$ cat data-v7.pdb   # PDB, C-alpha atoms, pLDDT in the B column
ATOM      1  CA  MET A   1      53.719  55.170  54.451  1.00 48.00           C
ATOM      2  CA  SER A   2      50.671  57.287  53.790  1.00 49.00           C
ATOM      3  CA  PRO A   3      49.572  60.195  55.964  1.00 54.00           C
ATOM      4  CA  GLU A   4      46.943  59.489  58.588  1.00 52.00           C
ATOM      5  CA  ILE A   5      43.530  61.086  58.092  1.00 49.00           C
ATOM      6  CA  ASN A   6      41.678  62.259  61.169  1.00 50.00           C
ATOM      7  CA  SER A   7      38.066  61.275  60.517  1.00 49.00           C
ATOM      8  CA  ILE A   8      36.545  63.887  62.824  1.00 48.00           C
ATOM      9  CA  ALA A   9      38.261  67.022  61.540  1.00 47.00           C
ATOM     10  CA  ARG A  10      39.223  65.683  58.093  1.00 44.00           C
ATOM     11  CA  ILE A  11      42.776  67.012  58.544  1.00 54.00           C
ATOM     12  CA  VAL A  12      45.682  65.234  56.942  1.00 45.00           C
ATOM     13  CA  ILE A  13      48.358  64.632  59.585  1.00 66.00           C
ATOM     14  CA  LYS A  14      51.867  63.866  58.383  1.00 79.00           C
ATOM     15  CA  PRO A  15      54.043  61.978  60.820  1.00 85.00           C
ATOM     16  CA  CYS A  16      57.000  63.855  62.244  1.00 87.00           C
ATOM     17  CA  GLY A  17      60.507  62.979  61.089  1.00 87.00           C
ATOM     18  CA  ALA A  18      61.207  60.917  64.204  1.00 88.00           C
ATOM     19  CA  CYS A  19      58.046  58.819  63.901  1.00 89.00           C
ATOM     20  CA  ARG A  20      58.648  58.394  60.184  1.00 88.00           C
ATOM     21  CA  TYR A  21      62.184  57.144  60.879  1.00 88.00           C
ATOM     22  CA  LEU A  22      60.950  54.830  63.664  1.00 89.00           C
ATOM     23  CA  ARG A  23      58.026  53.717  61.455  1.00 88.00           C
ATOM     24  CA  LYS A  24      55.427  54.276  64.103  1.00 87.00           C
ATOM     25  CA  LYS A  25      52.207  56.233  64.319  1.00 89.00           C
ATOM     26  CA  CYS A  26      52.713  59.871  65.243  1.00 86.00           C
ATOM     27  CA  LEU A  27      50.351  60.760  68.078  1.00 86.00           C
ATOM     28  CA  ASP A  28      48.965  64.210  68.856  1.00 83.00           C
ATOM     29  CA  ASN A  29      51.163  64.509  71.938  1.00 85.00           C
ATOM     30  CA  CYS A  30      54.336  63.244  70.243  1.00 89.00           C
ATOM     31  CA  ILE A  31      57.337  64.826  71.963  1.00 88.00           C
ATOM     32  CA  PHE A  32      59.353  64.871  68.728  1.00 89.00           C
ATOM     33  CA  THR A  33      56.846  66.703  66.499  1.00 86.00           C
ATOM     34  CA  PRO A  34      57.885  70.315  67.303  1.00 88.00           C
ATOM     35  CA  TYR A  35      61.573  69.557  66.702  1.00 87.00           C
ATOM     36  CA  PHE A  36      61.679  67.114  63.788  1.00 87.00           C
ATOM     37  CA  ASP A  37      59.542  68.162  60.839  1.00 81.00           C
ATOM     38  CA  SER A  38      58.558  65.617  58.250  1.00 74.00           C
ATOM     39  CA  ASP A  39      61.058  66.852  55.636  1.00 75.00           C
ATOM     40  CA  LYS A  40      64.544  67.361  57.123  1.00 80.00           C
ATOM     41  CA  GLY A  41      63.608  65.957  60.519  1.00 83.00           C
ATOM     42  CA  THR A  42      63.979  62.357  59.413  1.00 86.00           C
ATOM     43  CA  ALA A  43      67.673  62.744  58.564  1.00 87.00           C
ATOM     44  CA  ASN A  44      68.344  64.770  61.723  1.00 88.00           C
ATOM     45  CA  PHE A  45      66.570  62.249  63.922  1.00 90.00           C
ATOM     46  CA  ALA A  46      68.381  59.376  62.206  1.00 91.00           C
ATOM     47  CA  SER A  47      71.758  60.741  63.269  1.00 91.00           C
ATOM     48  CA  ILE A  48      70.518  61.471  66.802  1.00 92.00           C
ATOM     49  CA  HIS A  49      68.972  57.987  67.041  1.00 91.00           C
ATOM     50  CA  ASN A  50      72.210  56.315  65.850  1.00 91.00           C
ATOM     51  CA  ILE A  51      74.271  58.062  68.548  1.00 91.00           C
ATOM     52  CA  PHE A  52      71.922  58.438  71.532  1.00 91.00           C
ATOM     53  CA  GLY A  53      68.931  56.151  70.889  1.00 91.00           C
ATOM     54  CA  ALA A  54      65.269  57.124  70.677  1.00 90.00           C
ATOM     55  CA  SER A  55      64.362  56.141  74.245  1.00 91.00           C
ATOM     56  CA  ASN A  56      67.255  58.152  75.719  1.00 93.00           C
ATOM     57  CA  VAL A  57      66.277  61.211  73.683  1.00 92.00           C
ATOM     58  CA  THR A  58      62.652  60.795  74.796  1.00 91.00           C
ATOM     59  CA  LYS A  59      63.709  60.593  78.460  1.00 93.00           C
ATOM     60  CA  LEU A  60      65.983  63.590  78.038  1.00 92.00           C
ATOM     61  CA  LEU A  61      63.326  65.761  76.407  1.00 92.00           C
ATOM     62  CA  THR A  62      60.647  64.869  78.982  1.00 92.00           C
ATOM     63  CA  ASN A  63      62.989  65.916  81.820  1.00 94.00           C
ATOM     64  CA  ILE A  64      63.849  69.298  80.264  1.00 92.00           C
ATOM     65  CA  PRO A  65      61.510  72.311  80.584  1.00 93.00           C
ATOM     66  CA  ILE A  66      59.580  73.029  77.398  1.00 91.00           C
ATOM     67  CA  ASP A  67      61.251  76.404  76.822  1.00 93.00           C
ATOM     68  CA  LYS A  68      64.721  74.781  76.807  1.00 93.00           C
ATOM     69  CA  ARG A  69      63.898  71.840  74.552  1.00 92.00           C
ATOM     70  CA  PRO A  70      64.658  73.529  71.198  1.00 92.00           C
ATOM     71  CA  GLY A  71      68.178  74.343  72.384  1.00 93.00           C
ATOM     72  CA  ALA A  72      68.637  70.798  73.654  1.00 93.00           C
ATOM     73  CA  VAL A  73      67.510  69.330  70.321  1.00 93.00           C
ATOM     74  CA  ARG A  74      69.887  71.639  68.414  1.00 92.00           C
ATOM     75  CA  THR A  75      72.721  70.574  70.705  1.00 92.00           C
ATOM     76  CA  LEU A  76      71.897  66.879  70.303  1.00 93.00           C
ATOM     77  CA  ASN A  77      71.710  67.299  66.543  1.00 91.00           C
ATOM     78  CA  TYR A  78      75.040  69.136  66.404  1.00 91.00           C
ATOM     79  CA  GLU A  79      76.771  66.597  68.639  1.00 92.00           C
ATOM     80  CA  ALA A  80      75.305  63.641  66.733  1.00 92.00           C
ATOM     81  CA  HIS A  81      76.415  64.974  63.330  1.00 91.00           C
ATOM     82  CA  ASP A  82      79.907  65.709  64.643  1.00 91.00           C
ATOM     83  CA  ARG A  83      80.100  62.344  66.393  1.00 91.00           C
ATOM     84  CA  LEU A  84      79.288  60.634  63.088  1.00 91.00           C
ATOM     85  CA  GLN A  85      82.051  62.633  61.371  1.00 90.00           C
ATOM     86  CA  ASP A  86      84.601  62.104  64.151  1.00 89.00           C
ATOM     87  CA  PRO A  87      83.615  59.129  66.351  1.00 89.00           C
ATOM     88  CA  ILE A  88      86.383  59.685  68.880  1.00 91.00           C
ATOM     89  CA  TYR A  89      86.301  63.412  69.632  1.00 90.00           C
ATOM     90  CA  GLY A  90      82.947  64.539  68.210  1.00 88.00           C
ATOM     91  CA  CYS A  91      82.425  68.286  68.478  1.00 88.00           C
ATOM     92  CA  VAL A  92      85.421  68.637  70.800  1.00 91.00           C
ATOM     93  CA  SER A  93      87.750  68.483  67.792  1.00 89.00           C
ATOM     94  CA  GLN A  94      85.946  71.469  66.281  1.00 89.00           C
ATOM     95  CA  ILE A  95      86.187  73.332  69.585  1.00 92.00           C
ATOM     96  CA  PHE A  96      89.939  72.690  69.680  1.00 94.00           C
ATOM     97  CA  GLY A  97      90.253  73.850  66.071  1.00 92.00           C
ATOM     98  CA  LEU A  98      88.371  77.073  66.807  1.00 95.00           C
ATOM     99  CA  GLN A  99      90.463  77.709  69.933  1.00 96.00           C
ATOM    100  CA  ASN A 100      93.648  77.299  67.891  1.00 96.00           C
ATOM    101  CA  HIS A 101      92.258  79.683  65.283  1.00 97.00           C
ATOM    102  CA  VAL A 102      91.560  82.280  67.994  1.00 97.00           C
ATOM    103  CA  ILE A 103      95.097  81.874  69.377  1.00 97.00           C
ATOM    104  CA  ASN A 104      96.581  82.355  65.905  1.00 97.00           C
ATOM    105  CA  LEU A 105      94.468  85.464  65.322  1.00 97.00           C
ATOM    106  CA  GLN A 106      95.550  86.896  68.682  1.00 97.00           C
ATOM    107  CA  ARG A 107      99.197  86.337  67.733  1.00 97.00           C
ATOM    108  CA  GLU A 108      98.603  88.069  64.425  1.00 96.00           C
ATOM    109  CA  ILE A 109      97.003  91.034  66.192  1.00 96.00           C
ATOM    110  CA  VAL A 110     100.029  91.351  68.488  1.00 95.00           C
ATOM    111  CA  CYS A 111     102.399  91.257  65.490  1.00 94.00           C
ATOM    112  CA  LEU A 112     100.382  93.879  63.619  1.00 94.00           C
ATOM    113  CA  GLN A 113     100.224  96.127  66.685  1.00 93.00           C
ATOM    114  CA  ALA A 114     104.013  95.868  67.068  1.00 93.00           C
ATOM    115  CA  GLN A 115     104.455  96.694  63.386  1.00 91.00           C
ATOM    116  CA  VAL A 116     102.211  99.751  63.691  1.00 90.00           C
ATOM    117  CA  ALA A 117     104.083 100.878  66.815  1.00 89.00           C
ATOM    118  CA  ARG A 118     107.420 100.722  64.945  1.00 89.00           C
ATOM    119  CA  GLN A 119     106.232 102.973  62.125  1.00 86.00           C
ATOM    120  CA  PRO A 120     106.982 106.680  62.524  1.00 81.00           C
ATOM    121  CA  PRO A 121     103.962 108.965  62.733  1.00 77.00           C
ATOM    122  CA  PRO A 122     102.970 110.493  59.401  1.00 76.00           C
ATOM    123  CA  GLN A 123     104.477 113.925  58.831  1.00 76.00           C
ATOM    124  CA  GLN A 124     102.171 116.685  57.737  1.00 72.00           C
ATOM    125  CA  GLN A 125     103.341 119.025  55.023  1.00 65.00           C
ATOM    126  CA  PRO A 126     103.076 122.709  55.903  1.00 60.00           C
ATOM    127  CA  GLN A 127     100.370 124.345  53.876  1.00 58.00           C
ATOM    128  CA  SER A 128     101.256 127.475  52.008  1.00 53.00           C
ATOM    129  CA  SER A 129      98.870 130.377  52.177  1.00 56.00           C
ATOM    130  CA  LEU A 130      98.224 130.149  48.440  1.00 56.00           C
ATOM    131  CA  SER A 131      98.250 126.898  46.528  1.00 58.00           C
ATOM    132  CA  MET A 132      97.811 125.843  42.943  1.00 57.00           C
ATOM    133  CA  SER A 133      94.282 124.621  43.745  1.00 57.00           C
ATOM    134  CA  ASP A 134      93.400 128.164  44.898  1.00 58.00           C
ATOM    135  CA  PHE A 135      94.663 129.451  41.571  1.00 55.00           C
ATOM    136  CA  LEU A 136      92.579 126.902  39.654  1.00 54.00           C
ATOM    137  CA  ILE A 137      89.468 127.713  41.683  1.00 57.00           C
ATOM    138  CA  SER A 138      89.889 131.403  40.918  1.00 58.00           C
ATOM    139  CA  ARG A 139      90.149 130.513  37.228  1.00 57.00           C
ATOM    140  CA  ILE A 140      86.918 128.494  37.484  1.00 56.00           C
ATOM    141  CA  HIS A 141      85.110 131.468  39.026  1.00 55.00           C
ATOM    142  CA  GLY A 142      86.584 133.779  36.393  1.00 57.00           C
ATOM    143  CA  GLN A 143      87.983 136.073  39.060  1.00 55.00           C
ATOM    144  CA  PRO A 144      91.488 137.469  39.076  1.00 53.00           C
ATOM    145  CA  PHE A 145      93.746 135.508  41.401  1.00 46.00           C
ATOM    146  CA  SER A 146      94.374 137.127  44.789  1.00 48.00           C
ATOM    147  CA  SER A 147      94.442 135.805  48.306  1.00 45.00           C
ATOM    148  CA  SER A 148      91.636 138.123  49.421  1.00 45.00           C
ATOM    149  CA  SER A 149      89.324 136.905  46.655  1.00 45.00           C
ATOM    150  CA  MET A 150      89.826 133.290  47.667  1.00 45.00           C
ATOM    151  CA  ILE A 151      88.749 133.523  51.304  1.00 45.00           C
ATOM    152  CA  GLY A 152      85.394 131.786  51.764  1.00 47.00           C
ATOM    153  CA  THR A 153      84.360 131.988  48.110  1.00 46.00           C
ATOM    154  CA  HIS A 154      84.639 128.370  47.035  1.00 49.00           C
ATOM    155  CA  SER A 155      82.589 125.352  47.975  1.00 52.00           C
ATOM    156  CA  PRO A 156      84.089 121.963  48.835  1.00 53.00           C
ATOM    157  CA  GLU A 157      82.848 120.669  45.502  1.00 52.00           C
ATOM    158  CA  LEU A 158      84.757 123.337  43.581  1.00 51.00           C
ATOM    159  CA  ARG A 159      87.871 122.754  45.682  1.00 53.00           C
ATOM    160  CA  TRP A 160      87.600 119.020  44.918  1.00 50.00           C
ATOM    161  CA  ALA A 161      87.180 119.788  41.218  1.00 51.00           C
ATOM    162  CA  ALA A 162      90.268 121.995  41.290  1.00 52.00           C
ATOM    163  CA  VAL A 163      92.331 119.361  43.069  1.00 50.00           C
ATOM    164  CA  MET A 164      91.137 116.678  40.655  1.00 50.00           C
ATOM    165  CA  GLY A 165      91.890 118.915  37.686  1.00 50.00           C
ATOM    166  CA  LYS A 166      95.328 119.619  39.087  1.00 47.00           C
ATOM    167  CA  SER A 167      96.066 115.917  39.553  1.00 47.00           C
ATOM    168  CA  LEU A 168      94.869 115.115  36.042  1.00 45.00           C
ATOM    169  CA  LEU A 169      97.133 117.795  34.641  1.00 45.00           C
ATOM    170  CA  GLY A 170     100.066 116.537  36.732  1.00 48.00           C
ATOM    171  CA  VAL A 171     100.452 119.913  38.457  1.00 48.00           C
ATOM    172  CA  THR A 172     101.911 119.981  41.980  1.00 51.00           C
ATOM    173  CA  ASP A 173     101.781 122.719  44.605  1.00 50.00           C
ATOM    174  CA  GLU A 174     105.547 123.138  44.612  1.00 46.00           C
TER     175      GLU A 174
END
$ encode --input "data-v7.pdb" --output "structure tokens"
Amino acid sequence: MSPEINSIARIVIKPCGACRYLRKKCLDNCIFTPYFDSDKGTANFASIHNIFGASNVTKLLTNIPIDKRPGAVRTLNYEAHDRLQDPIYGCVSQIFGLQNHVINLQREIVCLQAQVARQPPPQQQPQSSLSMSDFLISRIHGQPFSSSSMIGTHSPELRWAAVMGKSLLGVTDE
């Protein structure tokens, strides 16, 4: 089927996917054109046509306000594809599957919350006034080690470097 050529404007008009599937001429006011492009629209309309029929879809789309038609076409397409996969339940089987998945996830959340509630709170170790990292920082600065020289003299980067150096050396604060 070749594209129609409008003799007045010399514009090549490709038929929409629905008209291509139905093998009819696509008119300017075709109700299917905005929703079924000429590429993927043919396959989408084929599944919708097999389940609902072209005349029923036409009646449905003409009775729906224009702003709600794209949502209706998406819904018809989704239902038609699912109905072809599962002729008895259609998309309802997927809804049931998703509901079961939600129920299972809710059960898992309850179990994890109970497990967290059973764990004792983490105990904090008392910090000594002087630690090994303070000693290492003082060595980095080249200052003699004393508690008064350590107050406010090191940046977080230097403290991190001292802690990292201490962990690499296997030194603990004990």
$ axis_aligned_box --input "data-v7.pdb" --around "range 30-36 of chain A" --padding-each-side "4 Å" --output "lines of an AutoDock Vina configuration file"
center_x = 58.0
center_y = 66.8
center_z = 67.9
size_x = 15.3
size_y = 15.1
size_z = 16.2
$ atom_distance --input "data-v7.pdb" --atom1 "CA of Tyr35 in chain A" --atom2 "CA of Gly71 in chain A"
9.9 Å
$ closest_residue --input "data-v7.pdb" --among "A:Ile48, A:Lys59, A:Ala114, A:Ile95" --to "Arg83 in chain A" --atoms "all atoms listed in the file"
A:Ile48
$ closest_residue --input "data-v7.pdb" --among "A:Pro121, A:Gly53, A:Pro34, A:Pro15" --to "Ala80 in chain A" --atoms "only C-alpha atoms"
A:Gly53
$ resolve_selection --input "data-v7.pdb" --expression "the PyMOL selection byres ((chain A and resi 28-32) around 12)" --output "MDAnalysis selection string"
chainID A and resid 4 6 13:22 24:27 33:38 41:42 44:45 48:49 54:55 57:64 66 69:70 73
$ atom_distance --input "data-v7.pdb" --atom1 "CA of Leu112 in chain A" --atom2 "CA of Phe96 in chain A"
24.4 Å
$ atom_distance --input "data-v7.pdb" --atom1 "CA of Thr75 in chain A" --atom2 "CA of Gln94 in chain A"
14.0 Å
$ build_atoms --input "data-v7.pdb" --residues "range 39-72 of chain A" --atoms "N, CA and C atoms" --output "short mmCIF file (atom, residue, chain, number, x, y, z; two decimals), in the coordinates of the input"
data_model
loop_
_atom_site.label_atom_id
_atom_site.label_comp_id
_atom_site.auth_asym_id
_atom_site.auth_seq_id
_atom_site.Cartn_x
_atom_site.Cartn_y
_atom_site.Cartn_z
N ASP A 39 60.13 66.79 56.76
CA ASP A 39 61.06 66.85 55.64
C ASP A 39 62.50 66.57 56.06
N LYS A 40 63.15 67.53 56.71
CA LYS A 40 64.54 67.36 57.12
C LYS A 40 64.67 66.64 58.46
N GLY A 41 63.58 66.55 59.20
CA GLY A 41 63.61 65.96 60.52
C GLY A 41 63.98 64.49 60.53
N THR A 42 63.66 63.78 59.46
CA THR A 42 63.98 62.36 59.41
C THR A 42 65.49 62.14 59.42
N ALA A 43 66.22 62.89 58.61
CA ALA A 43 67.67 62.74 58.56
C ALA A 43 68.31 63.20 59.88
N ASN A 44 67.81 64.30 60.45
CA ASN A 44 68.34 64.77 61.72
C ASN A 44 68.08 63.76 62.83
N PHE A 45 66.87 63.23 62.87
CA PHE A 45 66.57 62.25 63.92
C PHE A 45 67.35 60.96 63.71
N ALA A 46 67.61 60.59 62.47
CA ALA A 46 68.38 59.38 62.21
C ALA A 46 69.77 59.46 62.83
N SER A 47 70.43 60.60 62.68
CA SER A 47 71.76 60.74 63.27
C SER A 47 71.68 60.77 64.80
N ILE A 48 70.68 61.44 65.35
CA ILE A 48 70.52 61.47 66.80
C ILE A 48 70.21 60.08 67.33
N HIS A 49 69.35 59.35 66.63
CA HIS A 49 68.97 57.99 67.04
C HIS A 49 70.19 57.06 66.99
N ASN A 50 71.03 57.19 65.96
CA ASN A 50 72.21 56.32 65.85
C ASN A 50 73.20 56.54 66.99
N ILE A 51 73.30 57.75 67.49
CA ILE A 51 74.27 58.06 68.55
C ILE A 51 73.67 57.86 69.94
N PHE A 52 72.49 58.41 70.18
CA PHE A 52 71.92 58.44 71.53
C PHE A 52 70.81 57.43 71.77
N GLY A 53 70.07 57.05 70.73
CA GLY A 53 68.93 56.15 70.89
C GLY A 53 67.65 56.92 71.13
N ALA A 54 66.55 56.42 70.60
CA ALA A 54 65.27 57.12 70.68
C ALA A 54 64.76 57.19 72.12
N SER A 55 64.89 56.12 72.88
CA SER A 55 64.36 56.14 74.24
C SER A 55 65.15 57.10 75.13
N ASN A 56 66.46 57.20 74.94
CA ASN A 56 67.26 58.15 75.72
C ASN A 56 66.89 59.59 75.37
N VAL A 57 66.67 59.86 74.10
CA VAL A 57 66.28 61.21 73.68
C VAL A 57 64.89 61.54 74.24
N THR A 58 63.99 60.58 74.24
CA THR A 58 62.65 60.80 74.80
C THR A 58 62.75 61.12 76.28
N LYS A 59 63.53 60.34 77.02
CA LYS A 59 63.71 60.59 78.46
C LYS A 59 64.33 61.97 78.69
N LEU A 60 65.31 62.30 77.89
CA LEU A 60 65.98 63.59 78.04
C LEU A 60 65.02 64.74 77.80
N LEU A 61 64.24 64.67 76.74
CA LEU A 61 63.33 65.76 76.41
C LEU A 61 62.19 65.88 77.42
N THR A 62 61.73 64.78 77.99
CA THR A 62 60.65 64.87 78.98
C THR A 62 61.14 65.47 80.29
N ASN A 63 62.44 65.36 80.58
CA ASN A 63 62.99 65.92 81.82
C ASN A 63 63.46 67.36 81.68
N ILE A 64 63.41 67.91 80.50
CA ILE A 64 63.85 69.30 80.26
C ILE A 64 62.61 70.18 80.16
N PRO A 65 62.65 71.39 80.74
CA PRO A 65 61.51 72.31 80.58
C PRO A 65 61.25 72.61 79.10
N ILE A 66 60.01 72.85 78.79
CA ILE A 66 59.58 73.03 77.40
C ILE A 66 60.32 74.18 76.72
N ASP A 67 60.59 75.26 77.44
CA ASP A 67 61.25 76.40 76.82
C ASP A 67 62.72 76.13 76.49
N LYS A 68 63.32 75.11 77.08
CA LYS A 68 64.72 74.78 76.81
C LYS A 68 64.88 73.60 75.85
N ARG A 69 63.81 73.00 75.44
CA ARG A 69 63.90 71.84 74.55
C ARG A 69 64.45 72.16 73.16
N PRO A 70 64.08 73.27 72.52
CA PRO A 70 64.66 73.53 71.20
C PRO A 70 66.19 73.63 71.23
N GLY A 71 66.72 74.26 72.25
CA GLY A 71 68.18 74.34 72.38
C GLY A 71 68.80 72.98 72.62
N ALA A 72 68.13 72.15 73.40
CA ALA A 72 68.64 70.80 73.65
C ALA A 72 68.63 69.96 72.38
#
